[in-house]
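Q: Got a structure for you, coords.txt, holding compact mmCIF, C-alpha atoms.
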```
# COMPACT_ATOMS: atom_id res chain seq x y z
CA MET A 1 0.00 0.00 0.00
CA THR A 2 1.42 3.38 -1.04
CA GLN A 3 1.68 6.13 1.57
CA ARG A 4 0.34 9.47 0.36
CA SER A 5 -0.01 12.86 2.03
CA LEU A 6 -2.62 15.46 1.11
CA ALA A 7 -2.44 19.09 2.26
CA VAL A 8 -5.69 21.06 2.45
CA VAL A 9 -5.46 24.85 2.68
CA SER A 10 -8.59 26.82 3.60
CA ALA A 11 -8.52 30.63 3.60
CA GLY A 12 -11.96 31.13 5.11
CA LEU A 13 -12.13 33.92 7.68
CA SER A 14 -15.39 33.21 9.45
CA GLN A 15 -16.21 30.49 11.94
CA PRO A 16 -17.97 28.33 10.82
CA SER A 17 -16.84 28.79 7.24
CA SER A 18 -18.37 27.60 3.97
CA THR A 19 -14.83 27.69 2.56
CA ARG A 20 -13.67 25.20 5.19
CA LEU A 21 -16.79 23.11 4.52
CA LEU A 22 -15.95 22.90 0.82
CA ALA A 23 -12.29 22.14 1.62
CA ASP A 24 -13.31 19.28 3.92
CA GLN A 25 -15.62 17.75 1.32
CA LEU A 26 -12.98 17.98 -1.40
CA ALA A 27 -10.45 16.39 0.96
CA ALA A 28 -12.79 13.56 1.93
CA ALA A 29 -13.63 12.79 -1.71
CA THR A 30 -9.95 12.77 -2.73
CA ARG A 31 -8.98 10.61 0.25
CA ASP A 32 -11.73 8.11 -0.58
CA GLU A 33 -10.62 8.01 -4.21
CA LEU A 34 -6.99 7.35 -3.26
CA VAL A 35 -7.97 4.71 -0.69
CA ARG A 36 -10.05 3.00 -3.36
CA ARG A 37 -6.85 2.84 -5.43
CA ASP A 38 -5.00 1.12 -2.57
CA SER A 39 -3.23 4.14 -1.07
CA GLU A 40 -2.97 5.05 2.59
CA VAL A 41 -3.66 8.78 2.96
CA ARG A 42 -2.55 11.26 5.62
CA LEU A 43 -4.64 14.44 5.59
CA HIS A 44 -3.21 17.73 6.81
CA VAL A 45 -5.78 20.53 7.03
CA VAL A 46 -4.52 24.11 7.38
CA ASP A 47 -6.91 26.87 8.46
CA LEU A 48 -4.99 29.97 7.38
CA ARG A 49 -6.95 32.23 9.72
CA GLU A 50 -5.01 30.64 12.58
CA TYR A 51 -1.71 31.75 11.03
CA ALA A 52 -2.68 35.21 9.73
CA HIS A 53 -0.36 37.12 12.08
CA ASP A 54 2.52 34.75 11.36
CA VAL A 55 2.04 35.21 7.60
CA VAL A 56 2.19 39.01 7.98
CA ASN A 57 5.27 38.76 10.21
CA ASN A 58 6.93 36.53 7.62
CA MET A 59 6.22 39.06 4.88
CA LEU A 60 7.64 41.91 7.00
CA THR A 61 10.74 40.16 8.31
CA GLY A 62 11.45 37.46 5.75
CA PHE A 63 11.47 34.79 8.45
CA ALA A 64 8.69 32.31 9.22
CA PRO A 65 7.80 31.76 12.89
CA ALA A 66 8.09 28.14 14.00
CA ALA A 67 4.37 27.39 13.72
CA LEU A 68 4.18 28.80 10.19
CA ARG A 69 7.39 27.02 9.20
CA GLU A 70 5.78 23.71 10.13
CA VAL A 71 2.73 24.55 8.02
CA VAL A 72 4.87 25.57 5.05
CA ASP A 73 6.82 22.31 5.27
CA THR A 74 3.57 20.35 5.43
CA VAL A 75 2.13 22.05 2.36
CA THR A 76 5.29 21.94 0.25
CA GLY A 77 6.02 18.33 1.25
CA ALA A 78 2.60 16.90 0.41
CA ASP A 79 1.90 14.66 -2.58
CA GLY A 80 -1.12 16.78 -3.50
CA LEU A 81 -2.68 20.08 -2.53
CA ILE A 82 -6.27 21.26 -2.20
CA ALA A 83 -6.49 25.05 -2.01
CA VAL A 84 -9.79 26.80 -1.30
CA THR A 85 -10.43 30.53 -0.94
CA PRO A 86 -13.45 32.77 -0.51
CA ILE A 87 -13.88 35.19 -3.39
CA PHE A 88 -13.59 38.86 -2.41
CA SER A 89 -13.89 41.61 -5.06
CA ALA A 90 -13.72 39.07 -7.91
CA SER A 91 -10.50 37.43 -6.71
CA TYR A 92 -8.91 35.33 -3.95
CA ASN A 93 -8.71 36.95 -0.52
CA GLY A 94 -5.56 38.60 0.77
CA LEU A 95 -4.75 35.89 3.31
CA PHE A 96 -4.78 33.19 0.62
CA LYS A 97 -2.47 35.16 -1.67
CA SER A 98 -0.14 36.21 1.16
CA PHE A 99 0.36 32.62 2.29
CA PHE A 100 1.40 31.45 -1.16
CA ASP A 101 3.59 34.56 -1.51
CA VAL A 102 5.75 33.43 1.43
CA LEU A 103 6.41 30.01 -0.11
CA ASP A 104 9.56 29.49 -2.11
CA LYS A 105 8.62 29.95 -5.75
CA GLU A 106 10.07 26.52 -6.63
CA SER A 107 8.34 24.64 -3.82
CA LEU A 108 5.17 23.66 -5.71
CA VAL A 109 6.64 22.92 -9.13
CA ASP A 110 4.85 19.91 -10.72
CA ARG A 111 2.69 19.52 -7.59
CA PRO A 112 -0.88 18.32 -8.30
CA VAL A 113 -3.35 20.98 -7.12
CA LEU A 114 -7.13 21.08 -6.89
CA ILE A 115 -8.53 24.60 -6.60
CA GLY A 116 -11.86 25.58 -5.08
CA ALA A 117 -13.67 28.73 -4.02
CA THR A 118 -16.82 29.96 -2.34
CA GLY A 119 -18.78 33.15 -2.88
CA GLY A 120 -22.07 34.87 -2.30
CA THR A 121 -23.24 34.34 -5.86
CA ALA A 122 -22.42 31.97 -8.73
CA ARG A 123 -21.37 35.01 -10.77
CA HIS A 124 -18.06 34.92 -8.89
CA SER A 125 -17.21 31.43 -10.14
CA LEU A 126 -15.04 32.71 -13.01
CA ALA A 127 -12.57 34.08 -10.45
CA LEU A 128 -11.22 30.54 -10.22
CA GLU A 129 -10.17 30.72 -13.87
CA HIS A 130 -8.97 34.33 -14.12
CA ALA A 131 -7.30 34.64 -10.69
CA VAL A 132 -6.68 31.38 -8.81
CA ARG A 133 -5.62 29.11 -11.68
CA PRO A 134 -3.11 31.65 -13.11
CA MET A 135 -1.48 32.02 -9.69
CA PHE A 136 -0.72 28.29 -9.55
CA ALA A 137 0.32 28.34 -13.20
CA TYR A 138 2.93 30.94 -12.21
CA LEU A 139 4.12 28.54 -9.49
CA ARG A 140 4.27 25.82 -12.19
CA SER A 141 1.93 23.51 -10.32
CA VAL A 142 -0.26 21.00 -12.15
CA VAL A 143 -3.82 22.23 -11.61
CA VAL A 144 -6.51 19.66 -12.37
CA PRO A 145 -9.06 20.64 -15.05
CA THR A 146 -12.11 20.75 -12.78
CA ALA A 147 -12.21 23.72 -10.40
CA VAL A 148 -14.98 23.65 -7.82
CA PHE A 149 -17.01 26.74 -6.90
CA ALA A 150 -19.77 26.68 -4.30
CA ALA A 151 -22.44 29.36 -3.87
CA PRO A 152 -24.96 29.42 -0.99
CA GLU A 153 -27.61 27.70 -3.09
CA ASP A 154 -25.26 24.72 -3.63
CA TRP A 155 -25.62 23.64 0.01
CA SER A 156 -28.46 21.90 1.78
CA ASP A 157 -28.10 21.65 5.57
CA GLY A 158 -24.32 21.66 5.28
CA THR A 159 -24.28 19.01 2.57
CA ALA A 160 -23.37 19.52 -1.09
CA ASP A 161 -26.32 19.24 -3.44
CA GLY A 162 -26.34 16.92 -6.46
CA ALA A 163 -24.56 19.20 -8.95
CA LEU A 164 -21.90 20.33 -6.50
CA ARG A 165 -21.40 16.78 -5.26
CA GLY A 166 -20.77 15.67 -8.84
CA ARG A 167 -18.15 18.40 -9.37
CA ILE A 168 -16.44 17.46 -6.12
CA ARG A 169 -16.21 13.80 -7.13
CA ARG A 170 -14.92 14.61 -10.61
CA ALA A 171 -12.25 17.00 -9.30
CA ALA A 172 -11.22 14.50 -6.61
CA ALA A 173 -10.76 11.76 -9.22
CA GLU A 174 -8.64 14.09 -11.36
CA LEU A 175 -6.43 14.98 -8.40
CA ALA A 176 -6.05 11.31 -7.45
CA ASP A 177 -5.01 10.56 -11.06
CA GLN A 178 -2.27 13.18 -10.95
CA ILE A 179 -1.01 12.07 -7.54
CA GLU A 180 -0.85 8.43 -8.67
CA ARG A 181 1.32 9.35 -11.65
CA ARG A 182 4.08 10.60 -9.36
CA PRO A 183 6.26 8.86 -6.78
CA PRO A 184 5.64 9.80 -3.13
CA THR A 185 7.35 13.08 -2.28
CA GLY A 186 8.87 11.94 1.00
CA GLY A 187 8.30 15.37 2.54
CA PRO A 188 9.81 18.81 1.95
CA ALA A 189 13.35 19.14 0.65
CA ASP A 190 15.99 19.61 3.34
CA PRO A 191 17.53 23.07 2.73
CA PHE A 192 20.68 21.96 4.59
CA ALA A 193 21.15 18.67 2.73
CA LEU A 194 24.50 18.33 0.94
CA THR A 195 24.27 17.69 -2.79
CA THR A 196 28.03 17.00 -3.13
CA ASP A 197 30.52 15.24 -0.89
CA PHE A 198 33.13 17.10 1.16
CA LEU A 199 36.02 16.58 -1.28
CA GLN A 200 33.99 17.91 -4.18
CA MET A 201 33.15 20.98 -2.13
CA LEU A 202 36.91 21.52 -1.72
CA GLY A 203 37.34 21.29 -5.49
CA ARG A 204 38.94 17.87 -5.52
CA GLY A 205 37.89 15.12 -7.90
CA ASP A 206 37.46 11.48 -7.00
CA ASP A 207 41.01 10.65 -8.09
CA ALA A 208 42.74 13.64 -6.50
CA PRO A 209 45.35 12.70 -3.89
CA VAL A 210 44.54 13.60 -0.33
CA SER A 211 47.46 15.26 1.46
```
Let me see the file written as structure tokens.

A:
Amino acid sequence: MTQRSLAVVSAGLSQPSSTRLLADQLAAATRDELVRRDSEVRLHVVDLREYAHDVVNNMLTGFAPAALREVVDTVTGADGLIAVTPIFSASYNGLFKSFFDVLDKESLVDRPVLIGATGGTARHSLALEHAVRPMFAYLRSVVVPTAVFAAPEDWSDGTADGALRGRIRRAAAELADQIERRPPTGGPADPFALTTDFLQMLGRGDDAPVS
């Protein structure tokens, strides 16, 4: 059985949050799809509202506090990413964008990503295509074709209705496909790991005599 990790980032600001609700349902559907394909899945859910001050401090100082550093390592070391934001003024909210701004620009290259969003009206759904998807394209992530938007009318007593449920399942299957095509990540890259041995660092080849 293959071990897989899935990071889920929710940028909802309220409590409870429809953004977190959508993130949880996308995560559950993706986990179930991977389990069905004989993978063991570890879910890591990140509520960005809990790290808002740390994100701002990181942007001001250039250094991530310990709690945020752990979150960054979790997100960048996952086999797949689900990223969900509320739509404000026809785009992602500031917390969502700020979090991804503090990541190393190479950290999500070729990483499978499922994007989702919530908003007060279905008219905001195109923000996924003109704002969220291009951001991950800049990061050179692999964004699955189906983006999932949820408006208030898509929910019934906290449960996705038929159309939304179908989009969630389709997007989850697409993300599972992309994750399966790649070997397990094994976690974030160690920034202190040596890529050459000590002699090479000193400019000596394998055959150079050691004095």

Q: Determine, counting all atoms listed in the file, which protein, DNA and RNA residues have an atom within 7 Å of an atom of Val109 of chain A; residues of the same chain fewer than 6 positions away are not included. Present the result as a list of chain:residue names.

A: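 Final neighbour list, sorted by chain and number: A:Leu139, A:Arg140, A:Ser141.
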
Q: Closest to Pro86 of chain A among A:Ala29, A:Val144, A:Ala137, A:Val9, using only C-alpha atoms?

A: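 Counting only C-alpha atoms, the residue closest to Pro86 of chain A is A:Val9.
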
Q: Residues within 9 Å of segment 32-40 of chain A, please, as a PyMOL selection string. Count only C-alpha atoms; anything in the same chain fewer than 5 positions from it doesn't count.

A: chain A and resi 1-5+27+169+172-173+176-177+179-180

Q: Find the residues near Gly186 of chain A: any atom within 10 Å, counting all atoms listed in the file, skip ones fewer than 2 places away on the same chain, and give them as an MDAnalysis selection string.

A: chainID A and resid 3:5 77:79 183:184 188:189

Q: Check the smallest atom-to-atom distance from each of A:Ala171, A:Gly158, A:Thr85, A:Val55 to Pro16 of chain A using only C-alpha atoms, then report the winner.

A: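 Answer, going by the shortest atom-to-atom distance: A:Gly158.
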
Q: For Asp157 of chain A, please output as a list in words all residues within 12 Å (counting all atoms listed in the file; exclusion window: fewer than 4 positions along the same chain).

A: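 Once the adjacent positions are removed, what remains is Ser18, Leu21, Pro152, Glu153 and Asp161 of chain A.
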
Q: Select, from A:Val113, A:Leu22, A:Val102, A:Ala90, the residue with the minimum atom-to-atom distance to Leu60 of chain A, counting all atoms listed in the file.

A: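 Using all atoms listed in the file, the shortest distance to Leu60 of chain A belongs to A:Val102.
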
Q: One decimal, in Å: what's the spacing between atom CA of Asp101 of chain A and atom CA of Ser125 of chain A?

A: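 Separation of atom CA of Asp101 of chain A and atom CA of Ser125 of chain A: 22.7 Å.
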
Q: To one decimal place, how far is atom CA of Val75 of chain A from atom CA of Tyr138 of chain A in Å?

A: 17.1 Å

Q: Measure the distance from atom CA of Val143 of chain A to atom CA of Leu114 of chain A in Å and round it to one decimal.

A: 5.9 Å

Q: With only C-alpha atoms as the basis for distance, which of A:Ser10, A:Leu81, A:Glu174, A:Ile87 is at the shortest distance from Tyr51 of chain A?

A: A:Ser10

Q: Measuring atom to atom with all atoms listed in the file, identify which of A:Phe88, A:Phe99, A:Trp155, A:Phe63 is nearest to Ala127 of chain A.

A: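 Of A:Phe88, A:Phe99, A:Trp155, A:Phe63, the one nearest Ala127 of chain A, counting all atoms listed in the file, is A:Phe88.
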